[in-house]
Amino acid sequence: MNPRQPRGIRNNNPGNIRHGANWQGLNPNGRNIDSAFCVFESPVFGIRALAKVLINYKKIHGLNTVRQIVSRYAPPNENQTAAYIQSVAKQLEVYPDAKIDIEERGVLTVFIKAVIRMENGIQPYSDEVIQEGIDLCFD
């Protein structure tokens, strides 16, 4: 574990998901490593959890625009939400209030990469790792 890496990368949790759910692939000693954020056994499990969260925003809460999803995921009390929304929308090549289908794999892939970049300042994962995490989400 490289202490110079962003927290989300170190924790194999590139979406910086907080403790709360019993996620698949959680490191059993994760709370000892980071008391606030989940620590996963591999980035694939962190990406899977991120995909699940984003899809649940649609399924459970009916959110279907970049603005709606990012506003819930990255609220202004702890993020620069407006900049986050603009960045994700730009990477998806849509307007922030345009309807998107987060369950469509192409949309989900770009959205996940954009979130990872916003949360960590980098997006270091190969397309294969991203797709493996997404595939686990749909299994």
# chains A, B, ... in the order shown; residues from 1 in each chain; ligands from 1

call {"tool": "residues_around", "arguments": {"residues": "Cys38 in chain A", "least_positions_apart": "6", "cutoff": "12 Å", "atoms": "only C-alpha atoms", "output": "PyMOL selection string"}}
result
chain A and resi 7-32+45-47+49-50

call {"tool": "write_last_selection", "arguments": {"atoms": "C-alpha atoms", "output": "PDB file, in the first residue's frame"}}
result
ATOM      1  CA  ARG A   7      -7.214   7.223  -0.241  1.00  0.00           C
ATOM      2  CA  GLY A   8      -9.735   5.600  -2.583  1.00  0.00           C
ATOM      3  CA  ILE A   9      -6.984   3.884  -4.565  1.00  0.00           C
ATOM      4  CA  ARG A  10      -5.177   2.713  -1.403  1.00  0.00           C
ATOM      5  CA  ASN A  11      -8.447   1.308  -0.048  1.00  0.00           C
ATOM      6  CA  ASN A  12      -9.396  -0.404  -3.341  1.00  0.00           C
ATOM      7  CA  ASN A  13     -12.479   1.806  -2.985  1.00  0.00           C
ATOM      8  CA  PRO A  14     -12.196   4.239  -5.900  1.00  0.00           C
ATOM      9  CA  GLY A  15     -15.706   5.586  -5.268  1.00  0.00           C
ATOM     10  CA  ASN A  16     -14.856   6.424  -1.634  1.00  0.00           C
ATOM     11  CA  ILE A  17     -17.902   4.571  -0.316  1.00  0.00           C
ATOM     12  CA  ARG A  18     -18.436   4.963   3.402  1.00  0.00           C
ATOM     13  CA  HIS A  19     -18.976   2.070   5.811  1.00  0.00           C
ATOM     14  CA  GLY A  20     -22.580   0.984   6.166  1.00  0.00           C
ATOM     15  CA  ALA A  21     -23.376  -1.970   3.917  1.00  0.00           C
ATOM     16  CA  ASN A  22     -21.906  -5.454   4.106  1.00  0.00           C
ATOM     17  CA  TRP A  23     -20.377  -5.276   0.633  1.00  0.00           C
ATOM     18  CA  GLN A  24     -19.034  -8.272  -1.219  1.00  0.00           C
ATOM     19  CA  GLY A  25     -15.222  -8.269  -1.120  1.00  0.00           C
ATOM     20  CA  LEU A  26     -14.810  -6.098   1.984  1.00  0.00           C
ATOM     21  CA  ASN A  27     -11.473  -6.477   3.707  1.00  0.00           C
ATOM     22  CA  PRO A  28     -12.303  -8.027   7.107  1.00  0.00           C
ATOM     23  CA  ASN A  29      -9.782  -5.669   8.770  1.00  0.00           C
ATOM     24  CA  GLY A  30     -10.999  -2.649   6.819  1.00  0.00           C
ATOM     25  CA  ARG A  31     -12.352  -0.686   9.788  1.00  0.00           C
ATOM     26  CA  ASN A  32      -8.910  -0.923  11.390  1.00  0.00           C
ATOM     27  CA  PHE A  45     -14.946  -5.194  -5.543  1.00  0.00           C
ATOM     28  CA  GLY A  46     -14.755  -1.431  -4.975  1.00  0.00           C
ATOM     29  CA  ILE A  47     -15.863  -0.806  -8.563  1.00  0.00           C
ATOM     30  CA  ALA A  49     -19.904  -1.498  -5.031  1.00  0.00           C
ATOM     31  CA  LEU A  50     -19.763   1.830  -6.884  1.00  0.00           C
TER      32      LEU A  50
END

call {"tool": "residues_around", "arguments": {"residues": "Gln86 in chain A", "least_positions_apart": "5", "cutoff": "10 Å", "atoms": "only C-alpha atoms", "output": "number ranges by chain"}}
result
A: 66-67, 70, 81, 91-92, 94-96

call {"tool": "closest_residue", "arguments": {"among": "A:Asn120, A:Ser87, A:Asn77, A:Gln131", "to": "Gly106 in chain A", "atoms": "only C-alpha atoms"}}
result
A:Gln131

call {"tool": "closest_residue", "arguments": {"among": "A:Val129, A:Ile60, A:Ile55, A:Ile33", "to": "Leu108 in chain A", "atoms": "only C-alpha atoms"}}
result
A:Ile55

call {"tool": "atom_distance", "arguments": {"atom1": "CA of Asn64 in chain A", "atom2": "CA of Ile112 in chain A"}}
result
14.9 Å

call {"tool": "residues_around", "arguments": {"residues": "Ala114 in chain A", "least_positions_apart": "2", "cutoff": "9 Å", "atoms": "only C-alpha atoms", "output": "ChimeraX atom specification"}}
result
/A:84,87-89,91-92,109-112,116-119,123

call {"tool": "closest_residue", "arguments": {"among": "A:Ala74, A:Leu63, A:Ile122, A:Val44", "to": "Glu103 in chain A", "atoms": "only C-alpha atoms"}}
result
A:Leu63

call {"tool": "residues_around", "arguments": {"residues": "Gly62 in chain A", "least_positions_apart": "6", "cutoff": "12 Å", "atoms": "only C-alpha atoms", "output": "ChimeraX atom specification"}}
result
/A:54-56,68-69,72,99-102

call {"tool": "write_last_selection", "arguments": {"atoms": "N, CA, C and O atoms", "output": "mmCIF file, in the first residue's frame"}}
result
data_model
loop_
_atom_site.group_PDB
_atom_site.id
_atom_site.type_symbol
_atom_site.label_atom_id
_atom_site.label_comp_id
_atom_site.auth_asym_id
_atom_site.auth_seq_id
_atom_site.Cartn_x
_atom_site.Cartn_y
_atom_site.Cartn_z
ATOM 1 N N LEU A 54 -24.707 3.335 -7.812
ATOM 2 C CA LEU A 54 -25.241 4.164 -8.899
ATOM 3 C C LEU A 54 -26.520 3.577 -9.470
ATOM 4 O O LEU A 54 -27.492 4.296 -9.722
ATOM 5 N N ILE A 55 -26.552 2.277 -9.665
ATOM 6 C CA ILE A 55 -27.757 1.626 -10.199
ATOM 7 C C ILE A 55 -28.904 1.715 -9.197
ATOM 8 O O ILE A 55 -30.057 1.933 -9.583
ATOM 9 N N ASN A 56 -28.601 1.571 -7.917
ATOM 10 C CA ASN A 56 -29.656 1.690 -6.905
ATOM 11 C C ASN A 56 -30.239 3.091 -6.837
ATOM 12 O O ASN A 56 -31.403 3.255 -6.472
ATOM 13 N N GLN A 68 -28.994 14.731 -10.797
ATOM 14 C CA GLN A 68 -29.666 14.037 -9.696
ATOM 15 C C GLN A 68 -28.742 13.015 -9.032
ATOM 16 O O GLN A 68 -28.644 12.961 -7.799
ATOM 17 N N ILE A 69 -28.059 12.222 -9.834
ATOM 18 C CA ILE A 69 -27.213 11.154 -9.298
ATOM 19 C C ILE A 69 -26.021 11.735 -8.540
ATOM 20 O O ILE A 69 -25.749 11.348 -7.399
ATOM 21 N N ARG A 72 -26.798 13.423 -5.156
ATOM 22 C CA ARG A 72 -26.978 12.474 -4.050
ATOM 23 C C ARG A 72 -25.643 11.834 -3.666
ATOM 24 O O ARG A 72 -25.335 11.663 -2.493
ATOM 25 N N LYS A 99 -31.802 13.039 -19.469
ATOM 26 C CA LYS A 99 -32.050 11.709 -18.914
ATOM 27 C C LYS A 99 -31.006 10.733 -19.441
ATOM 28 O O LYS A 99 -30.667 10.749 -20.621
ATOM 29 N N ILE A 100 -30.486 9.918 -18.521
ATOM 30 C CA ILE A 100 -29.539 8.867 -18.886
ATOM 31 C C ILE A 100 -30.044 7.553 -18.305
ATOM 32 O O ILE A 100 -30.841 7.543 -17.358
ATOM 33 N N ASP A 101 -29.578 6.456 -18.868
ATOM 34 C CA ASP A 101 -29.903 5.145 -18.318
ATOM 35 C C ASP A 101 -28.631 4.572 -17.714
ATOM 36 O O ASP A 101 -27.786 4.021 -18.413
ATOM 37 N N ILE A 102 -28.482 4.722 -16.399
ATOM 38 C CA ILE A 102 -27.273 4.304 -15.708
ATOM 39 C C ILE A 102 -27.062 2.796 -15.801
ATOM 40 O O ILE A 102 -25.946 2.310 -15.628
#

call {"tool": "closest_residue", "arguments": {"among": "A:Gln5, A:Val39, A:Thr65, A:Tyr73", "to": "Val53 in chain A", "atoms": "only C-alpha atoms"}}
result
A:Tyr73

call {"tool": "atom_distance", "arguments": {"atom1": "CA of Ser42 in chain A", "atom2": "CA of Gly133 in chain A"}}
result
9.8 Å

call {"tool": "select_by_dssp", "arguments": {"residues": "range 1-137 of chain A", "states": "strand (DSSP E or B)", "output": "list of chain:residue names"}}
result
A:Arg18, A:Leu26, A:Phe37, A:Phe40, A:Thr65, A:Lys99
